[in-house]
Amino acid sequence: MGLPAHWDDGHAQAIVEKLKHLDGATLPILHALQDAFGYVDAAAVPMIAQTLNLSRAEVQGTLSFYHDFKAKPAMDRVIRLCRAEACQAQGCESLVEHARRHGIAVDDHAAAAGASLETVYCLGNCALGPAAMVEGELVGRLDAVRLSALIEGASVEDVIAMAQEPVGEPA
Amino acid sequence: MSVVRIFVPGDAAALSVGANGVAAAIAREAAARGIAVEIVRNGSRGMLWLEPLVEVETAAGRIGYGPVAVRDVAGLFEAGFVNGGAHRLALGRIDDLDWMKRQQRLTFARVGVTDPLSLEDYKAHGGLKGLEAALRLSGAAVVEAVRASGLRGRGGAGFPTGIKWKTVLDAEAEQKYIVCNADEGDSGTFADRMLMEGDPFLLIEGMAIAGLAVGATKGFIYIRSEYPHAFKAMERAIAVAEKAEVLGASVLGSGKAFTLEARLGAGAYICGEETSLLESLEGKRGVVRAKPPLPALKGLFGKPTIVNNVLSLAAVPFILAEGAEVYAACGIGRSRGTLPVQLGGNIKRGGLIELAFGVSLRTLIEDFGGGTRSGRPIRAVQVGGPLGAYLPAPQLDIPLDYEALAGIKAMLGHGGIVVFDDTVDMAKQAKFAFEFCAKESCGKCTPCRIGAVRGAETVQRIIDGTEREKNLGVLDDLNQLMTDASLCAMGGLTPMPVMSALRHFPEDFQRPAMSVAAE
């Protein structure tokens with residue numbers, strides 16, 4: 001994944017124009033902006049409203065409703081840790097504790113600790129948890145050692161490769 | 001020398017434990033040894049504890065090896081695994097394994113077997129037969145076949161699919177829609193994801209049949225953003241299907257149109273509720289709509305709309321191809337056909353098991369699953385996602401059946417089973433159920449928006465030992481209110497895990513309060 005570009009009104013408008021023909025275009029547009037810039041700038045709201053003939057309140061309402069859309073670009077690597085029931089049963093909360101030792105509080109993006117930890121509820125990897133998603137890649141069987149490696153900036157590929165200890169027993 | 005076909009799953013769960021690295025290592029090692037291989041990125045067979053599970057096509061069938069690590073690859077070549085050679089990780093023919101043999105894979109028949117994005121492979125394994133059969137029938141006859149199969153909505157509510165389709169069929173409108181709910185947000189469920197990644201054409205076929213049956217020319221698949229791999233697989237499969245005219249202005253040359261778009265959710269659990277999903281598709285906040293009007297009459301953009309779960313739509317091609325009575329012959333009571341069960345949490349052998357309704361939870365968890373991964377005793381099992389009940393170990397003989405589970409104040413939901421060992425604190429789980437509801441509530445109705453917050457506070461007071469009896473009474477009242485007065489299942493069912501935890505594990509709510517000094 002390349003670094004997101006700095007916000008650019010012209011580029012943003014071009015994205016909006018490209019997708020405005022879709023039925024219910026707001027979400028696809030917001031996703032495309034977030035993909036391009038790593039966040040959705042406040043300037044997008046009047047831009048989308050104008051193009052789709054919606055009120056600014058409607059666009060702002062949609063933007064603020066969904067957890068995915070961020071108002072600021074992430075400063076650090078974001079580790080999205082699953083904290084739903086299946087991962088709880090596999091010890092995800094001990095990983096939240098472990099991150100604290102790196103000075104990282106879950107869902108707190110303020111600290112500049114090199115990475116931030118974000119709660120997500122279910123990544124669909126419930127038999128190979130605790131699970132996390134980093135840079136669009138799913139990580140299974142996450143443990144303290146490998147969470148540390150992720151926090152310290154190891155490549156996701158390397159951290160996944162570290163998972164390759166045999167699990168369970170053959171059928 | 002002929003090319004050896006080697007299957008390395010591209011399923012997200014397999015990738016999460018290193019399948020990409022293994023595929024690359026196999027390609028490298030084969031090249032270094034001058035062995036011609038074709039690496040197929042199949043779906044997962046569903047034996048997730050064996051991932052990455054590599055299969056080799058040999059004269060004696062597909063021989064499996066797993067779980068394979070990069071460091072094992074050279075040794076596998078040394079052992080002659082390209083010819084099915086013996087090795088520490090060898091599992092034999094995958095189809096012969098007990099785990100696979102005991103299943104009845106109707107919906108998941110091709111998942112893990114075929115190349116997910118090869119339409120030729122799909123057709124070679126019986127794909128498109130259902131759509132072809134549907135094109136020979138009238139819309140009403142297709143709807144009747146779905147009704148006769150006894151298929152019920154696999155998303156959780158269990159509403160008869162045929163009746164929903166009939167309502168849309170009978171509705172008069174110039175535009176109707178088919179919407180696939182692929183917002184599989186329940187913890188412990190991953191069947192929709194596996195199906196979309198492992199056999200995306202099946203979902204496309206099911207939706208095309210639905211469209212032709214009720215006269216809808218456009219479909220949307222709403223996929224949660226937590227599933228980027230499934231979204232990519234569906235987008236690619238739709239492009240392939242368009243090129244082959246399985247989708248488009250004239251489906252399989254019939255002159256009837258059906259087009260499909262995959263859409264991404266944006267991290268809101270509530271959008272798995274059908275009306276808030278429709279709001280989200282329309283570009284709005286995912287706020288629940290009051291029913292009636294039913295989406296079948298006034299759904300997407302106010303038009304008659306079928307909203308079905310991935311597994312409901314994916315069951316349809318089999319019903320059309322093999323006959324409603326073949327599907328209905330499986331199952332018990334009013335639960336007909338098969339259910340793809342997902343086994344997760346603290347489990348030794350987790351994964352996907354498709355079986356006719358009627359099998360007991362104990363068989364699934366103990367025989368298939370092998371008990372807990374931690375090796376400790378099972379204490380609680382949550383069935384049906386975060387809004388489903390927690391069941392204690394002695395209750396596991398209950399059969400998988402919508403009505404049987406409802407009879408013990410539990411629900412089957414989307415077929416997810418999450419196992420907890422004896423270290424679980426059920427008061428904490430009860431509190432989490434409220435916290436989750438508070439975080440994910442759409443906010444439209446008061447019982448859910450406010451009730452969830454008050455519920456979490458009340459459980460905390462009970463845990464702390466503050467006026468425990470009084471607060472247990474408050475909790476009971478609150479649960480009753482949320483159950484009766486919430487607008488949708490989010491608020492209406494949050495009391496289910498809470499009350500089941502209280503009912504079956506009262507001791508966890510009666511622990512001596514931790515003194516301040518001990519903190």
# chains A, B, ... in the order shown; residues from 1 in each chain; ligands from 1

$ select_by_dssp --residues "segment 157-356 of chain B" --states "strand (DSSP E or B)" --output "PyMOL selection string"
chain B and resi 160+177-182+218-223+248+258-264+305-309+331-332+335-336+338-345+351-356

$ write_last_selection --atoms "N, CA and C atoms" --output "short mmCIF file (atom, residue, chain, number, x, y, z; two decimals), in the first residue's frame"
data_model
loop_
_atom_site.label_atom_id
_atom_site.label_comp_id
_atom_site.auth_asym_id
_atom_site.auth_seq_id
_atom_site.Cartn_x
_atom_site.Cartn_y
_atom_site.Cartn_z
N PRO B 160 -39.30 -17.75 5.92
CA PRO B 160 -39.35 -18.57 4.70
C PRO B 160 -39.01 -17.76 3.44
N TYR B 177 -35.57 -4.84 -7.06
CA TYR B 177 -34.16 -5.10 -6.78
C TYR B 177 -33.95 -6.40 -6.01
N ILE B 178 -32.77 -6.99 -6.21
CA ILE B 178 -32.30 -8.09 -5.37
C ILE B 178 -31.12 -7.55 -4.58
N VAL B 179 -31.19 -7.62 -3.26
CA VAL B 179 -30.08 -7.16 -2.44
C VAL B 179 -29.56 -8.34 -1.63
N CYS B 180 -28.26 -8.56 -1.74
CA CYS B 180 -27.65 -9.62 -0.93
C CYS B 180 -27.03 -8.99 0.30
N ASN B 181 -27.44 -9.46 1.44
CA ASN B 181 -26.88 -9.00 2.71
C ASN B 181 -25.62 -9.80 3.00
N ALA B 182 -24.47 -9.19 2.70
CA ALA B 182 -23.18 -9.82 2.99
C ALA B 182 -22.46 -9.02 4.07
N LYS B 218 -31.85 -5.65 -11.42
CA LYS B 218 -30.61 -5.16 -10.82
C LYS B 218 -30.42 -5.71 -9.42
N GLY B 219 -29.18 -6.06 -9.12
CA GLY B 219 -28.88 -6.57 -7.79
C GLY B 219 -27.67 -5.88 -7.19
N PHE B 220 -27.65 -5.82 -5.86
CA PHE B 220 -26.50 -5.28 -5.13
C PHE B 220 -26.05 -6.30 -4.09
N ILE B 221 -24.74 -6.42 -3.95
CA ILE B 221 -24.19 -7.23 -2.85
C ILE B 221 -23.53 -6.27 -1.89
N TYR B 222 -24.07 -6.16 -0.69
CA TYR B 222 -23.53 -5.23 0.31
C TYR B 222 -22.57 -6.01 1.21
N ILE B 223 -21.29 -5.76 1.02
CA ILE B 223 -20.24 -6.52 1.73
C ILE B 223 -19.57 -5.64 2.77
N GLY B 248 -25.85 -9.41 -17.34
CA GLY B 248 -25.89 -8.39 -18.39
C GLY B 248 -27.28 -8.26 -19.00
N PHE B 258 -30.10 -8.95 -16.17
CA PHE B 258 -29.80 -8.88 -14.73
C PHE B 258 -28.35 -8.43 -14.56
N THR B 259 -28.19 -7.30 -13.86
CA THR B 259 -26.84 -6.81 -13.59
C THR B 259 -26.61 -6.75 -12.09
N LEU B 260 -25.34 -6.72 -11.73
CA LEU B 260 -24.96 -6.87 -10.33
C LEU B 260 -23.84 -5.90 -9.99
N GLU B 261 -23.93 -5.34 -8.78
CA GLU B 261 -22.87 -4.45 -8.29
C GLU B 261 -22.50 -4.86 -6.88
N ALA B 262 -21.20 -4.90 -6.59
CA ALA B 262 -20.76 -5.15 -5.22
C ALA B 262 -20.53 -3.80 -4.54
N ARG B 263 -21.03 -3.63 -3.35
CA ARG B 263 -20.87 -2.39 -2.59
C ARG B 263 -20.23 -2.68 -1.24
N LEU B 264 -19.44 -1.72 -0.79
CA LEU B 264 -18.71 -1.88 0.46
C LEU B 264 -19.42 -1.15 1.60
N THR B 305 -38.16 -5.14 -3.06
CA THR B 305 -36.78 -5.63 -2.97
C THR B 305 -36.71 -6.94 -2.19
N ILE B 306 -36.01 -7.90 -2.77
CA ILE B 306 -35.66 -9.10 -2.00
C ILE B 306 -34.36 -8.80 -1.27
N VAL B 307 -34.37 -8.89 0.04
CA VAL B 307 -33.12 -8.81 0.80
C VAL B 307 -32.89 -10.19 1.39
N ASN B 308 -31.85 -10.85 0.94
CA ASN B 308 -31.52 -12.19 1.44
C ASN B 308 -30.06 -12.27 1.83
N ASN B 309 -29.79 -13.14 2.78
CA ASN B 309 -28.41 -13.41 3.19
C ASN B 309 -27.67 -14.18 2.08
N GLY B 331 -32.82 -32.40 6.88
CA GLY B 331 -33.25 -31.56 7.98
C GLY B 331 -34.31 -32.19 8.85
N ILE B 332 -34.75 -31.42 9.85
CA ILE B 332 -35.79 -31.90 10.77
C ILE B 332 -36.84 -30.81 10.98
N SER B 335 -37.08 -26.98 9.97
CA SER B 335 -35.74 -26.56 9.53
C SER B 335 -35.29 -27.52 8.44
N ARG B 336 -35.47 -27.12 7.17
CA ARG B 336 -35.18 -28.02 6.06
C ARG B 336 -33.85 -27.65 5.40
N THR B 338 -29.73 -27.83 4.58
CA THR B 338 -28.47 -27.89 5.34
C THR B 338 -28.14 -26.52 5.90
N LEU B 339 -27.29 -26.54 6.91
CA LEU B 339 -26.80 -25.29 7.49
C LEU B 339 -25.28 -25.33 7.53
N PRO B 340 -24.64 -24.36 6.92
CA PRO B 340 -23.19 -24.26 7.08
C PRO B 340 -22.87 -23.69 8.47
N VAL B 341 -22.38 -24.55 9.34
CA VAL B 341 -22.09 -24.15 10.72
C VAL B 341 -20.65 -23.65 10.79
N GLN B 342 -20.45 -22.61 11.59
CA GLN B 342 -19.10 -22.09 11.76
C GLN B 342 -18.67 -22.27 13.20
N LEU B 343 -17.56 -22.95 13.36
CA LEU B 343 -17.07 -23.30 14.68
C LEU B 343 -15.85 -22.44 14.98
N GLY B 344 -15.95 -21.60 16.03
CA GLY B 344 -14.84 -20.70 16.32
C GLY B 344 -14.65 -20.51 17.81
N GLY B 345 -13.82 -19.53 18.15
CA GLY B 345 -13.50 -19.28 19.55
C GLY B 345 -12.43 -20.23 20.03
N GLY B 351 -13.71 -24.40 12.16
CA GLY B 351 -13.87 -24.28 10.72
C GLY B 351 -15.31 -24.35 10.30
N LEU B 352 -15.50 -24.73 9.04
CA LEU B 352 -16.85 -24.74 8.47
C LEU B 352 -17.34 -26.18 8.27
N ILE B 353 -18.52 -26.44 8.80
CA ILE B 353 -19.13 -27.76 8.71
C ILE B 353 -20.54 -27.58 8.16
N GLU B 354 -20.81 -28.13 6.98
CA GLU B 354 -22.17 -28.04 6.45
C GLU B 354 -22.88 -29.38 6.65
N LEU B 355 -23.99 -29.31 7.35
CA LEU B 355 -24.74 -30.52 7.69
C LEU B 355 -26.23 -30.24 7.66
N ALA B 356 -27.01 -31.29 7.47
CA ALA B 356 -28.45 -31.14 7.57
C ALA B 356 -28.80 -30.70 8.99
#

$ interface_residues --of "chain A" --to "chain B" --cutoff "8 Å" --atoms "only C-alpha atoms" --output "number ranges by chain"
A: 23-28, 31, 58-59, 61-63, 65-69, 84-90, 121-129, 136-141, 157, 160-161, 163-171

$ residues_around --residues "Ala99 of chain A" --least-positions-apart "6" --cutoff "8 Å" --atoms "only C-alpha atoms" --output "list in words"
Ala105, Val106, Leu117, Leu147 and Ser148 of chain A

$ select_by_dssp --residues "segment 11-103 of chain A" --states "alpha helix (DSSP H)" --output "MDAnalysis selection string"
chainID A and resid 11:19 26:37 44:52 56:65 85:88 92:101

$ residues_around --residues "segment 458-473 of chain B" --least-positions-apart "6" --cutoff "10 Å" --atoms "only C-alpha atoms" --output "mmCIF file with N, CA, C and O atoms, in the first residue's frame"
data_model
loop_
_atom_site.group_PDB
_atom_site.id
_atom_site.type_symbol
_atom_site.label_atom_id
_atom_site.label_comp_id
_atom_site.auth_asym_id
_atom_site.auth_seq_id
_atom_site.Cartn_x
_atom_site.Cartn_y
_atom_site.Cartn_z
ATOM 1 N N ALA B 427 -20.234 -12.621 33.780
ATOM 2 C CA ALA B 427 -20.749 -11.284 34.095
ATOM 3 C C ALA B 427 -20.100 -10.270 33.143
ATOM 4 O O ALA B 427 -20.751 -9.348 32.653
ATOM 5 N N LYS B 428 -18.824 -10.469 32.874
ATOM 6 C CA LYS B 428 -18.127 -9.605 31.915
ATOM 7 C C LYS B 428 -18.724 -9.738 30.520
ATOM 8 O O LYS B 428 -18.861 -8.753 29.798
ATOM 9 N N ALA B 430 -21.763 -10.549 29.816
ATOM 10 C CA ALA B 430 -23.067 -9.887 29.834
ATOM 11 C C ALA B 430 -22.886 -8.379 29.680
ATOM 12 O O ALA B 430 -23.590 -7.721 28.920
ATOM 13 N N LYS B 431 -21.903 -7.848 30.367
ATOM 14 C CA LYS B 431 -21.645 -6.413 30.272
ATOM 15 C C LYS B 431 -21.208 -6.065 28.842
ATOM 16 O O LYS B 431 -21.626 -5.052 28.279
ATOM 17 N N PHE B 432 -20.387 -6.933 28.274
ATOM 18 C CA PHE B 432 -19.925 -6.667 26.899
ATOM 19 C C PHE B 432 -21.086 -6.613 25.917
ATOM 20 O O PHE B 432 -21.090 -5.795 24.996
ATOM 21 N N PHE B 434 -24.022 -5.502 26.342
ATOM 22 C CA PHE B 434 -24.597 -4.151 26.397
ATOM 23 C C PHE B 434 -23.655 -3.123 25.773
ATOM 24 O O PHE B 434 -24.076 -2.227 25.049
ATOM 25 N N ALA B 452 -29.018 0.243 26.322
ATOM 26 C CA ALA B 452 -27.736 -0.451 26.279
ATOM 27 C C ALA B 452 -26.742 0.192 27.247
ATOM 28 O O ALA B 452 -25.992 -0.502 27.946
ATOM 29 N N ASN B 479 -34.237 -5.441 30.580
ATOM 30 C CA ASN B 479 -34.213 -6.462 29.529
ATOM 31 C C ASN B 479 -35.598 -6.666 28.934
ATOM 32 O O ASN B 479 -35.746 -6.804 27.719
ATOM 33 N N VAL B 498 -27.461 -11.561 27.658
ATOM 34 C CA VAL B 498 -27.403 -11.104 29.046
ATOM 35 C C VAL B 498 -28.206 -12.031 29.955
ATOM 36 O O VAL B 498 -27.704 -12.539 30.967
ATOM 37 N N LEU B 502 -27.105 -14.725 32.954
ATOM 38 C CA LEU B 502 -27.655 -14.664 34.311
ATOM 39 C C LEU B 502 -28.321 -15.978 34.717
ATOM 40 O O LEU B 502 -28.172 -16.451 35.842
ATOM 41 N N ASP B 508 -21.477 -16.166 38.650
ATOM 42 C CA ASP B 508 -20.542 -15.131 38.192
ATOM 43 C C ASP B 508 -21.018 -13.725 38.542
ATOM 44 O O ASP B 508 -20.251 -12.766 38.462
ATOM 45 N N PHE B 509 -22.310 -13.620 38.885
ATOM 46 C CA PHE B 509 -22.868 -12.313 39.230
ATOM 47 C C PHE B 509 -22.930 -12.131 40.749
ATOM 48 O O PHE B 509 -23.392 -11.114 41.230
ATOM 49 N N GLN B 510 -22.495 -13.165 41.486
ATOM 50 C CA GLN B 510 -22.617 -13.134 42.952
ATOM 51 C C GLN B 510 -21.260 -13.156 43.628
ATOM 52 O O GLN B 510 -21.154 -13.449 44.810
ATOM 53 N N ARG B 511 -20.199 -12.940 42.853
ATOM 54 C CA ARG B 511 -18.863 -12.997 43.454
ATOM 55 C C ARG B 511 -18.696 -11.876 44.454
ATOM 56 O O ARG B 511 -19.230 -10.778 44.258
ATOM 57 N N PRO B 512 -17.934 -12.139 45.532
ATOM 58 C CA PRO B 512 -17.675 -11.058 46.475
ATOM 59 C C PRO B 512 -17.038 -9.893 45.720
ATOM 60 O O PRO B 512 -16.176 -10.107 44.871
ATOM 61 N N ALA B 513 -17.520 -8.691 46.009
ATOM 62 C CA ALA B 513 -16.979 -7.527 45.319
ATOM 63 C C ALA B 513 -15.507 -7.369 45.657
ATOM 64 O O ALA B 513 -15.092 -7.622 46.789
ATOM 65 N N MET B 514 -14.730 -6.979 44.647
ATOM 66 C CA MET B 514 -13.311 -6.778 44.881
ATOM 67 C C MET B 514 -13.128 -5.569 45.777
ATOM 68 O O MET B 514 -13.692 -4.506 45.506
ATOM 69 N N SER B 515 -12.357 -5.732 46.846
ATOM 70 C CA SER B 515 -12.154 -4.595 47.742
ATOM 71 C C SER B 515 -11.221 -3.596 47.065
ATOM 72 O O SER B 515 -10.452 -3.941 46.192
#

$ residues_around --residues "Tyr39 of chain A" --least-positions-apart "5" --cutoff "6 Å" --atoms "only C-alpha atoms" --output "list in words"
Gln34, Lys70, Ala71, Lys72 and Pro73 of chain A

$ residues_around --residues "Ala244 of chain B" --least-positions-apart "4" --cutoff "12 Å" --atoms "only C-alpha atoms" --output "PDB file with N, CA and C atoms, in the first residue's frame"
ATOM      1  N   SER B 118     -12.540 -19.177 -11.952  1.00  0.00           N
ATOM      2  CA  SER B 118     -12.620 -19.832 -13.243  1.00  0.00           C
ATOM      3  C   SER B 118     -14.058 -20.286 -13.496  1.00  0.00           C
ATOM      4  N   LEU B 119     -14.705 -19.636 -14.456  1.00  0.00           N
ATOM      5  CA  LEU B 119     -16.080 -20.007 -14.790  1.00  0.00           C
ATOM      6  C   LEU B 119     -16.123 -21.410 -15.413  1.00  0.00           C
ATOM      7  N   GLU B 120     -15.061 -21.783 -16.110  1.00  0.00           N
ATOM      8  CA  GLU B 120     -14.985 -23.128 -16.706  1.00  0.00           C
ATOM      9  C   GLU B 120     -15.003 -24.178 -15.597  1.00  0.00           C
ATOM     10  N   LYS B 123     -18.414 -24.425 -14.105  1.00  0.00           N
ATOM     11  CA  LYS B 123     -19.342 -25.209 -14.925  1.00  0.00           C
ATOM     12  C   LYS B 123     -19.005 -26.697 -14.882  1.00  0.00           C
ATOM     13  N   LEU B 128     -24.065 -23.326 -12.839  1.00  0.00           N
ATOM     14  CA  LEU B 128     -25.019 -22.748 -13.803  1.00  0.00           C
ATOM     15  C   LEU B 128     -26.196 -23.658 -14.150  1.00  0.00           C
ATOM     16  N   PHE B 201     -19.157 -17.385  -7.918  1.00  0.00           N
ATOM     17  CA  PHE B 201     -20.144 -17.554  -8.988  1.00  0.00           C
ATOM     18  C   PHE B 201     -21.450 -18.146  -8.455  1.00  0.00           C
ATOM     19  N   ALA B 237     -15.273 -11.667  -9.869  1.00  0.00           N
ATOM     20  CA  ALA B 237     -16.196 -12.689 -10.393  1.00  0.00           C
ATOM     21  C   ALA B 237     -17.330 -12.041 -11.187  1.00  0.00           C
ATOM     22  N   ILE B 238     -17.800 -10.888 -10.728  1.00  0.00           N
ATOM     23  CA  ILE B 238     -18.860 -10.180 -11.468  1.00  0.00           C
ATOM     24  C   ILE B 238     -18.339  -9.787 -12.851  1.00  0.00           C
ATOM     25  N   ALA B 239     -17.101  -9.310 -12.926  1.00  0.00           N
ATOM     26  CA  ALA B 239     -16.512  -8.932 -14.221  1.00  0.00           C
ATOM     27  C   ALA B 239     -16.424 -10.144 -15.148  1.00  0.00           C
ATOM     28  N   VAL B 240     -16.005 -11.284 -14.605  1.00  0.00           N
ATOM     29  CA  VAL B 240     -15.921 -12.514 -15.414  1.00  0.00           C
ATOM     30  C   VAL B 240     -17.320 -12.915 -15.895  1.00  0.00           C
ATOM     31  N   GLY B 248     -25.853  -9.412 -17.341  1.00  0.00           N
ATOM     32  CA  GLY B 248     -25.895  -8.394 -18.387  1.00  0.00           C
ATOM     33  C   GLY B 248     -27.276  -8.261 -19.000  1.00  0.00           C
ATOM     34  N   ALA B 249     -27.299  -7.730 -20.209  1.00  0.00           N
ATOM     35  CA  ALA B 249     -28.571  -7.415 -20.868  1.00  0.00           C
ATOM     36  C   ALA B 249     -29.365  -8.665 -21.241  1.00  0.00           C
ATOM     37  N   SER B 250     -28.643  -9.778 -21.433  1.00  0.00           N
ATOM     38  CA  SER B 250     -29.319 -11.003 -21.829  1.00  0.00           C
ATOM     39  C   SER B 250     -28.649 -12.188 -21.118  1.00  0.00           C
ATOM     40  N   VAL B 251     -29.195 -12.539 -19.956  1.00  0.00           N
ATOM     41  CA  VAL B 251     -28.590 -13.584 -19.117  1.00  0.00           C
ATOM     42  C   VAL B 251     -28.603 -14.933 -19.852  1.00  0.00           C
ATOM     43  N   LEU B 252     -27.431 -15.466 -20.122  1.00  0.00           N
ATOM     44  CA  LEU B 252     -27.265 -16.730 -20.861  1.00  0.00           C
ATOM     45  C   LEU B 252     -28.074 -16.735 -22.158  1.00  0.00           C
ATOM     46  N   GLY B 253     -28.166 -15.562 -22.805  1.00  0.00           N
ATOM     47  CA  GLY B 253     -28.853 -15.479 -24.090  1.00  0.00           C
ATOM     48  C   GLY B 253     -30.369 -15.552 -23.997  1.00  0.00           C
TER      49      GLY B 253
END

$ residues_around --residues "Ala5 of chain A" --least-positions-apart "2" --cutoff "8 Å" --atoms "only C-alpha atoms" --output "ChimeraX atom specification"
/A:3,7,36-38

$ decode --residues "segment 147-164 of chain B" --atoms "C-alpha atoms" --output "mmCIF file, in the first residue's frame"
data_model
loop_
_atom_site.group_PDB
_atom_site.id
_atom_site.type_symbol
_atom_site.label_atom_id
_atom_site.label_comp_id
_atom_site.auth_asym_id
_atom_site.auth_seq_id
_atom_site.Cartn_x
_atom_site.Cartn_y
_atom_site.Cartn_z
ATOM 1 C CA ARG B 147 -41.023 -22.261 -1.258
ATOM 2 C CA ALA B 148 -41.294 -26.043 -1.610
ATOM 3 C CA SER B 149 -37.649 -26.501 -0.613
ATOM 4 C CA GLY B 150 -38.489 -25.148 2.837
ATOM 5 C CA LEU B 151 -35.509 -22.773 2.654
ATOM 6 C CA ARG B 152 -35.547 -20.199 5.453
ATOM 7 C CA GLY B 153 -33.484 -17.049 5.672
ATOM 8 C CA ARG B 154 -29.963 -18.009 6.727
ATOM 9 C CA GLY B 155 -29.109 -14.541 7.998
ATOM 10 C CA GLY B 156 -30.649 -15.343 11.337
ATOM 11 C CA ALA B 157 -34.354 -14.569 11.281
ATOM 12 C CA GLY B 158 -35.290 -17.830 9.550
ATOM 13 C CA PHE B 159 -38.129 -16.307 7.549
ATOM 14 C CA PRO B 160 -39.351 -18.569 4.701
ATOM 15 C CA THR B 161 -37.456 -17.413 1.600
ATOM 16 C CA GLY B 162 -40.168 -18.518 -0.830
ATOM 17 C CA ILE B 163 -42.797 -16.354 0.864
ATOM 18 C CA LYS B 164 -40.538 -13.299 0.684
#
